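With mmCIF, C-alpha atoms inside, this is query34.cif:
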```
data_run
#
loop_
_atom_site.label_atom_id
_atom_site.label_comp_id
_atom_site.auth_asym_id
_atom_site.auth_seq_id
_atom_site.Cartn_x
_atom_site.Cartn_y
_atom_site.Cartn_z
CA MET T 1055 -29.44 61.39 -29.76
CA LYS T 1056 -32.00 59.17 -28.09
CA SER T 1057 -30.78 56.12 -26.21
CA ALA T 1058 -32.09 52.65 -26.87
CA SER T 1059 -31.72 49.55 -24.77
CA HIS T 1060 -32.22 45.83 -25.14
CA ALA T 1061 -33.00 44.05 -21.90
CA GLY T 1062 -29.96 43.88 -19.64
CA PRO T 1063 -29.34 41.45 -16.81
CA GLY T 1064 -30.48 43.77 -14.02
CA SER T 1065 -27.53 43.24 -11.71
CA GLY T 1066 -29.13 44.73 -8.60
CA HIS T 1067 -25.76 45.89 -7.20
CA PRO T 1068 -24.31 49.42 -7.00
CA VAL T 1069 -22.87 50.45 -10.35
CA PRO T 1070 -19.12 51.24 -10.22
CA VAL T 1071 -18.35 54.80 -11.31
CA LEU T 1072 -15.68 55.40 -13.93
CA PRO T 1073 -13.69 58.64 -14.19
CA ARG T 1074 -14.80 61.19 -16.77
CA LEU T 1075 -14.08 59.80 -20.20
CA ASP T 1076 -12.11 62.93 -21.10
CA SER T 1077 -9.70 62.32 -18.21
CA ASP T 1078 -6.25 60.82 -18.81
CA VAL T 1079 -6.66 57.55 -20.69
CA ALA T 1080 -3.96 55.85 -18.63
CA ALA T 1081 -5.80 56.66 -15.39
CA LEU T 1082 -9.03 55.47 -17.05
CA THR T 1083 -7.27 52.16 -17.77
CA ALA T 1084 -6.43 51.81 -14.08
CA ALA T 1085 -10.07 52.42 -13.16
CA LEU T 1086 -11.18 49.64 -15.51
CA LEU T 1087 -8.58 47.27 -14.07
CA ASP T 1088 -9.91 47.88 -10.58
CA ILE T 1089 -13.34 46.50 -11.55
CA PRO T 1090 -12.83 42.70 -11.72
CA SER T 1091 -14.41 41.16 -14.81
CA VAL T 1092 -13.30 37.55 -15.12
CA SER T 1093 -15.42 35.73 -17.72
CA ASP T 1094 -18.94 35.07 -16.35
CA HIS T 1095 -18.55 38.06 -14.01
CA GLU T 1096 -18.60 41.01 -16.43
CA THR T 1097 -21.87 42.59 -15.24
CA PRO T 1098 -20.42 45.27 -12.89
CA LEU T 1099 -17.99 46.48 -15.57
CA ALA T 1100 -20.67 46.38 -18.28
CA ASP T 1101 -22.92 48.44 -16.00
CA ALA T 1102 -20.15 50.98 -15.45
CA VAL T 1103 -19.41 51.25 -19.17
CA GLU T 1104 -23.10 51.64 -20.01
CA ALA T 1105 -23.54 54.34 -17.37
CA ALA T 1106 -20.51 56.28 -18.63
CA LEU T 1107 -21.80 56.17 -22.22
CA ARG T 1108 -25.43 57.04 -21.52
CA VAL T 1109 -24.54 60.59 -20.46
CA LEU T 1110 -23.14 61.32 -23.95
CA PRO T 1111 -25.92 63.02 -25.93
CA ARG T 1112 -24.64 62.20 -29.42
CA LEU T 1113 -24.58 58.43 -28.89
CA GLU T 1114 -27.33 55.83 -29.22
CA ILE T 1115 -26.85 53.09 -26.61
CA HIS T 1116 -27.89 49.43 -26.73
CA ARG T 1117 -27.46 46.81 -24.00
CA ILE T 1118 -27.61 43.12 -24.96
CA GLY T 1119 -26.78 40.90 -22.00
CA ASP T 1120 -23.40 42.09 -20.78
CA SER T 1121 -22.49 43.66 -24.12
CA VAL T 1122 -22.85 47.39 -24.68
CA VAL T 1123 -23.06 49.01 -28.12
CA ALA T 1124 -22.81 52.77 -28.72
CA ARG T 1125 -23.38 54.40 -32.12
CA THR T 1126 -23.25 57.78 -33.76
CA ASN T 1127 -25.85 58.57 -36.41
CA PHE T 1128 -24.53 61.56 -38.29
CA GLY T 1129 -25.60 60.14 -41.66
CA LEU T 1130 -22.02 59.92 -42.94
CA PRO T 1131 -21.23 57.82 -46.03
CA ALA T 1132 -19.34 55.09 -44.15
CA ARG T 1133 -19.41 53.44 -40.73
CA VAL T 1134 -16.53 51.93 -38.76
CA VAL T 1135 -16.55 49.70 -35.68
CA LEU T 1136 -14.22 49.89 -32.69
CA ALA T 1137 -14.56 46.64 -30.72
CA GLY T 1138 -13.12 45.23 -27.52
CA HIS T 1139 -13.98 42.64 -24.90
CA LEU T 1140 -14.67 43.41 -21.25
CA ASP T 1141 -13.73 40.07 -19.71
CA THR T 1142 -10.37 38.82 -18.51
CA VAL T 1143 -8.88 35.46 -17.68
CA PRO T 1144 -8.84 34.52 -13.96
CA LEU T 1145 -6.57 36.34 -11.55
CA PRO T 1146 -3.08 34.90 -11.02
CA THR T 1147 -2.54 32.59 -8.05
CA THR T 1148 1.25 33.03 -7.78
CA PRO T 1149 2.20 34.85 -4.56
CA GLY T 1150 3.40 38.37 -5.31
CA ALA T 1151 1.98 38.46 -8.85
CA ARG T 1152 1.22 42.03 -9.92
CA GLY T 1153 -1.08 41.29 -12.85
CA THR T 1154 -4.05 41.20 -10.51
CA VAL T 1155 -6.73 43.38 -8.88
CA PRO T 1156 -6.30 46.07 -7.66
CA SER T 1157 -3.97 47.62 -10.20
CA SER T 1158 -0.67 49.26 -9.31
CA TRP T 1159 1.68 51.75 -10.91
CA GLU T 1160 5.45 51.61 -10.98
CA SER T 1161 7.79 54.31 -12.15
CA PRO T 1162 11.01 53.04 -13.77
CA ALA T 1163 12.50 56.48 -13.17
CA GLY T 1164 13.13 55.49 -9.57
CA VAL T 1165 10.63 57.84 -7.93
CA GLY T 1166 8.89 54.97 -6.19
CA THR T 1167 5.74 52.96 -6.70
CA LEU T 1168 2.40 54.64 -7.34
CA THR T 1169 -0.60 52.54 -6.38
CA SER T 1170 -4.34 52.67 -6.97
CA GLY T 1171 -5.85 50.59 -4.19
CA PRO T 1172 -9.26 49.23 -3.30
CA GLU T 1173 -10.26 52.26 -1.19
CA THR T 1174 -9.86 54.65 -4.12
CA PRO T 1175 -10.21 52.39 -7.16
CA GLY T 1176 -8.78 53.68 -10.39
CA THR T 1177 -7.39 56.94 -9.02
CA GLY T 1178 -3.71 56.11 -9.45
CA PRO T 1179 -1.44 59.04 -10.27
CA VAL T 1180 -3.31 61.99 -11.74
CA SER T 1181 -0.95 62.15 -14.70
CA PRO T 1182 1.51 59.25 -14.87
CA ALA T 1183 4.59 59.72 -17.02
CA ASP T 1184 4.61 57.91 -20.36
CA ALA T 1185 7.24 55.47 -19.06
CA ASP T 1186 5.24 54.60 -15.94
CA VAL T 1187 4.06 50.98 -15.91
CA LEU T 1188 0.52 49.94 -14.99
CA TYR T 1189 0.12 46.40 -13.64
CA GLY T 1190 -3.17 44.54 -13.42
CA ARG T 1191 -5.24 41.70 -14.82
CA GLY T 1192 -6.30 42.83 -18.28
CA ALA T 1193 -3.72 45.61 -18.58
CA THR T 1194 -2.81 44.36 -22.03
CA ASP T 1195 -5.70 41.98 -22.76
CA MET T 1196 -7.50 44.21 -23.11
CA LYS T 1197 -8.68 46.90 -20.74
CA SER T 1198 -6.14 49.40 -22.05
CA GLY T 1199 -7.81 48.97 -25.44
CA VAL T 1200 -11.24 49.37 -23.84
CA ALA T 1201 -10.01 52.59 -22.19
CA VAL T 1202 -9.02 53.90 -25.62
CA GLN T 1203 -12.49 53.01 -26.95
CA LEU T 1204 -14.16 54.87 -24.09
CA ALA T 1205 -11.90 57.91 -24.46
CA LEU T 1206 -12.79 58.14 -28.15
CA ALA T 1207 -16.50 57.76 -27.35
CA GLY T 1208 -16.24 60.53 -24.75
CA TRP T 1209 -14.44 62.79 -27.23
CA ILE T 1210 -16.85 62.33 -30.12
CA GLY T 1211 -20.04 61.73 -28.12
CA HIS T 1212 -20.33 64.94 -26.12
CA ASP T 1213 -22.14 68.06 -27.38
CA ALA T 1214 -19.03 69.93 -28.49
CA GLY T 1215 -17.25 66.92 -29.92
CA PRO T 1216 -15.72 66.87 -33.40
CA LEU T 1217 -17.42 65.44 -36.47
CA PRO T 1218 -15.63 62.18 -37.33
CA ALA T 1219 -14.78 61.17 -40.88
CA HIS T 1220 -17.11 58.16 -40.50
CA ASP T 1221 -20.03 57.21 -38.32
CA VAL T 1222 -18.67 55.12 -35.46
CA THR T 1223 -19.97 52.07 -33.61
CA TRP T 1224 -18.34 51.06 -30.34
CA VAL T 1225 -18.85 47.44 -29.23
CA PHE T 1226 -17.92 46.39 -25.68
CA TYR T 1227 -18.66 42.69 -25.33
CA ASP T 1228 -18.45 39.86 -22.83
CA HIS T 1229 -17.17 36.27 -22.83
CA GLU T 1230 -14.24 36.46 -25.24
CA GLU T 1231 -11.83 34.51 -23.04
CA VAL T 1232 -13.98 31.36 -22.95
CA GLY T 1233 -15.53 28.99 -25.48
CA SER T 1234 -16.79 30.63 -28.65
CA GLU T 1235 -20.33 29.41 -27.96
CA HIS T 1236 -20.50 31.95 -25.09
CA SER T 1237 -19.20 34.93 -27.10
CA GLY T 1238 -21.01 38.18 -26.43
CA LEU T 1239 -19.97 39.50 -29.85
CA ALA T 1240 -21.50 36.47 -31.51
CA ARG T 1241 -24.69 37.02 -29.50
CA VAL T 1242 -24.93 40.64 -30.63
CA ALA T 1243 -24.41 39.53 -34.23
CA ARG T 1244 -27.21 36.97 -33.89
CA GLU T 1245 -29.74 39.10 -32.04
CA ALA T 1246 -29.08 42.52 -33.58
CA PRO T 1247 -26.88 42.08 -36.66
CA GLU T 1248 -27.66 45.60 -37.83
CA LEU T 1249 -25.65 46.95 -34.88
CA VAL T 1250 -22.38 45.46 -36.12
CA GLN T 1251 -22.72 46.13 -39.83
CA ALA T 1252 -19.99 48.46 -41.03
CA ASP T 1253 -17.52 49.18 -43.80
CA PHE T 1254 -14.48 48.46 -41.62
CA ALA T 1255 -13.69 47.33 -38.07
CA VAL T 1256 -10.79 47.72 -35.67
CA LEU T 1257 -10.40 45.24 -32.81
CA LEU T 1258 -8.32 46.82 -30.05
CA GLU T 1259 -6.55 43.62 -29.02
CA PRO T 1260 -2.93 44.18 -27.93
CA THR T 1261 -0.58 44.58 -30.89
CA ASP T 1262 2.02 46.96 -29.41
CA GLY T 1263 0.63 49.71 -31.61
CA VAL T 1264 1.20 47.79 -34.86
CA VAL T 1265 -1.54 47.04 -37.38
CA GLU T 1266 -2.04 43.27 -37.54
CA GLY T 1267 -4.11 42.13 -40.48
CA GLY T 1268 -6.52 39.19 -40.38
CA CYS T 1269 -5.78 36.19 -38.19
CA ASN T 1270 -5.06 32.49 -38.28
CA GLY T 1271 -8.00 30.16 -37.76
CA THR T 1272 -7.97 27.59 -34.98
CA ASN T 1273 -9.56 24.14 -34.77
CA ARG T 1274 -9.37 21.56 -32.00
CA TYR T 1275 -9.77 17.82 -32.42
CA VAL T 1276 -9.89 14.89 -30.01
CA VAL T 1277 -8.46 11.65 -31.40
CA THR T 1278 -9.34 8.42 -29.60
CA VAL T 1279 -6.85 5.56 -29.85
CA PRO T 1280 -8.36 2.24 -28.65
CA GLY T 1281 -6.73 -0.56 -26.66
CA ILE T 1282 -7.74 -3.59 -24.61
CA ALA T 1283 -7.77 -3.41 -20.82
CA ALA T 1284 -5.86 -6.01 -18.81
CA HIS T 1285 -4.14 -6.37 -15.45
CA SER T 1286 -0.68 -4.87 -15.77
CA GLY T 1287 0.71 -8.07 -14.24
CA ARG T 1288 -0.54 -9.86 -17.37
CA ALA T 1289 0.03 -7.07 -19.85
CA TRP T 1290 0.26 -9.51 -22.77
CA LYS T 1291 -3.46 -10.10 -22.38
CA GLY T 1292 -4.25 -6.52 -23.33
CA GLU T 1293 -3.31 -3.81 -25.82
CA ASN T 1294 -1.84 -0.63 -24.41
CA ALA T 1295 -3.72 2.34 -25.91
CA ILE T 1296 -1.09 4.84 -24.75
CA HIS T 1297 1.62 2.92 -26.58
CA ALA T 1298 -0.66 2.67 -29.60
CA ALA T 1299 -0.81 6.48 -29.71
CA GLY T 1300 2.93 6.55 -30.43
CA PRO T 1301 2.64 6.73 -34.24
CA LEU T 1302 0.22 9.65 -33.92
CA LEU T 1303 2.54 11.56 -31.60
CA ALA T 1304 5.51 10.81 -33.84
CA THR T 1305 3.62 12.15 -36.85
CA LEU T 1306 2.76 15.35 -35.00
CA ALA T 1307 6.34 15.75 -33.76
CA ALA T 1308 7.67 15.40 -37.31
CA TYR T 1309 5.10 17.77 -38.83
CA GLN T 1310 6.64 20.78 -40.57
CA PRO T 1311 4.28 23.77 -40.35
CA ALA T 1312 3.87 25.87 -43.45
CA THR T 1313 4.34 29.62 -43.76
CA ILE T 1314 1.77 30.95 -46.21
CA THR T 1315 1.67 34.41 -47.76
CA VAL T 1316 -1.77 35.99 -47.94
CA GLU T 1317 -2.12 39.49 -49.37
CA GLY T 1318 1.53 40.23 -48.67
CA LEU T 1319 1.57 38.97 -45.06
CA ASP T 1320 3.28 35.73 -43.97
CA TYR T 1321 1.18 33.50 -41.71
CA ARG T 1322 2.90 30.63 -39.89
CA GLU T 1323 0.74 27.59 -39.24
CA GLY T 1324 0.97 25.03 -36.45
CA LEU T 1325 -0.33 21.52 -35.72
CA ASN T 1326 0.29 20.37 -32.16
CA ALA T 1327 -0.82 17.90 -29.53
CA VAL T 1328 -2.00 20.04 -26.63
CA ARG T 1329 -3.47 17.48 -24.22
CA ILE T 1330 -3.31 13.70 -23.71
CA HIS T 1331 -5.19 11.38 -21.40
CA GLY T 1332 -5.16 7.64 -20.85
CA GLY T 1333 -5.39 5.01 -18.17
CA THR T 1334 -7.66 4.41 -15.19
CA ALA T 1335 -5.35 2.96 -12.53
CA GLY T 1336 -1.73 2.15 -11.86
CA ASN T 1337 -2.24 -1.58 -12.36
CA VAL T 1338 -4.45 -1.52 -15.47
CA ILE T 1339 -3.35 -1.54 -19.11
CA PRO T 1340 -5.25 1.41 -20.61
CA ASP T 1341 -8.02 0.57 -23.03
CA ALA T 1342 -8.24 4.10 -24.50
CA CYS T 1343 -6.00 7.11 -25.04
CA THR T 1344 -7.26 10.48 -26.19
CA VAL T 1345 -5.04 13.09 -27.78
CA GLU T 1346 -6.28 16.65 -28.24
CA ILE T 1347 -4.82 18.44 -31.26
CA ASN T 1348 -4.85 22.14 -32.15
CA TYR T 1349 -4.45 23.30 -35.74
CA ARG T 1350 -3.69 26.97 -36.39
CA PHE T 1351 -4.24 27.62 -40.08
CA ALA T 1352 -3.57 30.54 -42.41
CA PRO T 1353 -6.36 32.63 -43.93
CA ASP T 1354 -5.93 31.00 -47.32
CA LYS T 1355 -8.10 28.13 -45.97
CA ASP T 1356 -11.72 27.94 -44.95
CA LEU T 1357 -12.89 25.55 -42.25
CA GLY T 1358 -13.52 22.71 -44.70
CA GLN T 1359 -10.04 22.95 -46.19
CA ALA T 1360 -8.51 23.09 -42.71
CA HIS T 1361 -10.35 19.95 -41.64
CA ALA T 1362 -9.31 18.15 -44.83
CA HIS T 1363 -5.65 18.96 -44.15
CA VAL T 1364 -5.80 17.59 -40.61
CA TYR T 1365 -7.58 14.41 -41.71
CA ALA T 1366 -4.85 13.85 -44.32
CA VAL T 1367 -2.09 14.22 -41.72
CA LEU T 1368 -3.85 11.89 -39.31
CA ALA T 1369 -4.29 9.31 -42.06
CA GLU T 1370 -0.49 9.14 -42.30
CA ALA T 1371 -0.55 7.90 -38.69
CA GLY T 1372 -3.24 5.34 -39.46
CA ILE T 1373 -6.04 7.36 -37.86
CA GLY T 1374 -9.37 7.28 -39.66
CA ARG T 1375 -12.02 9.98 -39.46
CA ASP T 1376 -14.23 7.75 -37.31
CA ARG T 1377 -11.75 8.23 -34.46
CA VAL T 1378 -11.64 12.02 -34.76
CA GLU T 1379 -14.05 14.45 -33.09
CA VAL T 1380 -14.03 18.17 -33.91
CA VAL T 1381 -14.54 19.88 -30.55
CA ASP T 1382 -14.04 23.53 -31.55
CA GLU T 1383 -13.59 25.46 -34.76
CA SER T 1384 -12.99 29.13 -35.48
CA PRO T 1385 -12.41 30.40 -39.01
CA SER T 1386 -9.46 32.43 -40.17
CA ALA T 1387 -9.79 35.98 -41.50
CA ARG T 1388 -8.07 37.44 -44.53
CA PRO T 1389 -6.23 40.68 -43.78
CA GLY T 1390 -8.27 42.79 -46.19
CA LEU T 1391 -5.59 45.45 -46.28
CA ASP T 1392 -6.28 46.03 -49.98
CA ARG T 1393 -9.67 47.52 -49.12
CA PRO T 1394 -9.78 51.34 -49.33
CA ALA T 1395 -10.96 51.74 -45.73
CA ALA T 1396 -8.13 49.54 -44.46
CA ALA T 1397 -5.55 51.34 -46.57
CA ALA T 1398 -6.74 54.67 -45.20
CA PHE T 1399 -6.50 53.34 -41.67
CA VAL T 1400 -2.93 52.13 -42.15
CA ALA T 1401 -1.97 55.47 -43.69
CA ALA T 1402 -3.43 57.35 -40.72
CA VAL T 1403 -1.89 55.30 -37.90
CA GLY T 1404 1.41 54.55 -39.65
CA GLY T 1405 3.78 51.60 -39.41
CA THR T 1406 4.17 48.39 -41.39
CA PRO T 1407 1.28 45.91 -41.08
CA MET T 1408 2.04 42.45 -39.70
CA PRO T 1409 0.11 39.15 -39.65
CA LYS T 1410 -1.86 38.03 -36.60
CA TYR T 1411 -0.82 34.49 -35.66
CA GLY T 1412 -3.37 33.99 -32.90
CA TRP T 1413 -7.13 33.92 -33.38
CA THR T 1414 -9.13 37.06 -32.63
CA ASP T 1415 -12.65 38.27 -33.24
CA VAL T 1416 -11.63 39.90 -36.51
CA ALA T 1417 -12.69 36.51 -37.88
CA ARG T 1418 -16.26 37.13 -36.67
CA PHE T 1419 -16.31 40.44 -38.51
CA SER T 1420 -14.90 38.74 -41.58
CA GLU T 1421 -17.81 36.27 -41.48
CA LEU T 1422 -20.18 39.25 -41.43
CA GLY T 1423 -18.50 40.66 -44.52
CA VAL T 1424 -16.74 43.43 -42.58
CA PRO T 1425 -12.97 43.73 -43.20
CA ALA T 1426 -11.17 44.12 -39.88
CA VAL T 1427 -7.72 44.56 -38.37
CA ASN T 1428 -6.20 44.25 -34.91
CA PHE T 1429 -4.69 47.43 -33.45
CA GLY T 1430 -4.28 48.18 -29.78
CA PRO T 1431 -1.88 49.10 -26.98
CA GLY T 1432 0.24 46.59 -25.09
CA ASP T 1433 2.42 43.61 -25.86
CA ALA T 1434 0.38 40.47 -26.56
CA LEU T 1435 3.17 38.35 -25.06
CA LEU T 1436 2.29 39.84 -21.66
CA ALA T 1437 -1.38 38.86 -21.88
CA HIS T 1438 -2.54 36.42 -19.15
CA THR T 1439 0.87 36.51 -17.42
CA ASP T 1440 1.43 36.88 -13.67
CA ASP T 1441 2.86 40.38 -14.14
CA GLU T 1442 0.64 41.61 -16.99
CA HIS T 1443 1.29 45.30 -17.58
CA VAL T 1444 1.22 48.19 -20.04
CA THR T 1445 2.94 51.58 -20.13
CA ALA T 1446 0.99 54.80 -19.92
CA GLY T 1447 2.70 55.99 -23.10
CA ALA T 1448 1.53 52.97 -25.10
CA VAL T 1449 -2.10 53.67 -24.21
CA ARG T 1450 -1.80 57.37 -25.04
CA ASP T 1451 -0.04 56.66 -28.33
CA CYS T 1452 -2.82 54.31 -29.41
CA LEU T 1453 -5.45 56.91 -28.55
CA ALA T 1454 -3.59 59.58 -30.50
CA ALA T 1455 -3.29 57.34 -33.57
CA LEU T 1456 -7.00 56.52 -33.61
CA ARG T 1457 -7.92 60.17 -33.11
CA ARG T 1458 -5.87 61.04 -36.22
CA TRP T 1459 -7.79 58.42 -38.17
CA LEU T 1460 -11.30 59.18 -36.93
CA VAL T 1461 -10.97 62.96 -37.01
CA PRO T 1462 -8.36 64.09 -39.53
CA PRO T 1463 -6.96 67.58 -38.92
CA ALA T 1464 -9.37 70.45 -39.52
CA SER T 1465 -12.53 68.32 -39.28
CA PRO T 1466 -15.33 70.73 -38.29
CA ALA T 1467 -17.71 70.28 -35.40
CA PRO T 1468 -21.30 69.46 -36.46
CA SER T 1469 -23.96 72.16 -36.31
CA SER T 1470 -26.39 71.99 -33.40
CA SER T 1471 -29.59 70.12 -34.14
#
```
Kindly return the structure encoded in the file as structure tokens.
Amino acid sequence: MKSASHAGPGSGHPVPVLPRLDSDVAALTAALLDIPSVSDHETPLADAVEAALRVLPRLEIHRIGDSVVARTNFGLPARVVLAGHLDTVPLPTTPGARGTVPSSWESPAGVGTLTSGPETPGTGPVSPADADVLYGRGATDMKSGVAVQLALAGWIGHDAGPLPAHDVTWVFYDHEEVGSEHSGLARVAREAPELVQADFAVLLEPTDGVVEGGCNGTNRYVVTVPGIAAHSGRAWKGENAIHAAGPLLATLAAYQPATITVEGLDYREGLNAVRIHGGTAGNVIPDACTVEINYRFAPDKDLGQAHAHVYAVLAEAGIGRDRVEVVDESPSARPGLDRPAAAAFVAAVGGTPMPKYGWTDVARFSELGVPAVNFGPGDALLAHTDDEHVTAGAVRDCLAALRRWLVPPASPAPSSS
């Protein structure tokens, strides 16, 4: 298959070399961890991913900024997307934290610590045991998922690879861990929407190997509570804006979040103050107080309905819309598990589907009309932590499940063209 390319950034630095994509997927995860890719610094990893994919003759490759898209074109009746982000949050600053770069292995069986260091990045143990633990920034969120994507691409994309049940698109994108306006996936959808059109999508965010359908939406608001500045020695001459925010904070503290069932899954909502600021000096009565609020809402609501709910709650605290600024909004996504493609996926990978409480890019696919689920290795509760880690077995199990889905038993290899 011929390769195609949109203009890339032209990094000008040596491209890191990944192991063969048919090598052990746990060792491949370690290699990815050893290429730092904090948001805004994804180029070296994107270059490495692109280079690893371009040698596969059955894949068509596109590069858009620091996002890489690979596609089969077998002419099959349906197409599925496997998506994952390349970036991570910043490295931990706590002394001794292990969720950092370079990665390191630890064996709970007591045979010592196995380490992949900067001189031989990504080598690690040749074949770690399933129980061996891999530490590093992005181990769960989500370079283990990216390793699974690459392993599947290497399996299907080489000359003797199997014929999958569906055509497959792999999307490796940048800037997920920062503001949505920087999203590489959103940029791909804007600039080349045909590349992300599909009948079904799987986002390999960490779910501990459980299918998580849809996701809650998330909106952020900044509420400004006014006051009148005065010298604190003559406080009666002013109006304390921080004190005036009390009714708002009391309303938020008393708020009872709803649990809403959507297509058989229970989504728990949340409305919380997440940041507060007020005052200019220790001897001045503050003339303004801002409270930032985050609303996590179930997929029974669109953005307009979510905003209306928040405005109604704020009105109970005497806050009018003129004092509310929407600073970020991301829609929810319905689980879509009633779709045939989703049902087939759940049947292939097994387990009982669960709701996704956090926001993920399945919502972007939902906006494109593509039903999507979250399914990947690793425990989401470990994401972004000082000791972020994943077990080798969890990564291998995820790969095995997706292989069963993409290439059911007895699928033939395609004839040579």
All residues 7 Å or closer to segment 1118-1135 of chain T, all atoms listed in the file, same chain fewer than 2 positions away omitted, as a ChimeraX atom specification: /T:1060-1063,1096-1097,1100,1104,1112-1116,1137,1220-1228,1238,1242,1252-1256
Quick one: what's the axis-aligned box for segment 1396-1414 of chain T, all listed atoms, 5 Å on every side, centre and edges in Å to one decimal, as AutoDock Vina command-line options?
```
--center_x -2.5 --center_y 45.6 --center_z -39.6 --size_x 23.3 --size_y 33.4 --size_z 23.9
```
Close residues, segment 1273-1289 of chain T itself excluded, 8 Å, only C-alpha atoms, min 4 positions apart in chain, as an MDAnalysis selection string: chainID T and resid 1293:1296 1298:1299 1337:1350 1377:1384
Residue nearest Gly1374 of chain T among T:Ile1089, T:Leu1435, T:Leu1302, T:Ala1327 (counting all atoms listed in the file): T:Leu1302
Selection near Arg1074 of chain T, 9 Å with all atoms listed in the file, sequence-local residues under 4 positions removed, as a VMD selection string: chain T and resid 1078 1082 1106 1205 1208
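Using only C-alpha atoms, the shortest contact distance between His1229 of chain T and any of T:Lys1355, T:Arg1244, T:Arg1329, T:His1139 is found at T:His1139.
Neighbouring residues of Leu1460 of chain T at 8 Å or closer, counting all atoms listed in the file and skipping chain neighbours under 4 positions away, are Pro1218, Ala1219, His1220 and Leu1456 of chain T.
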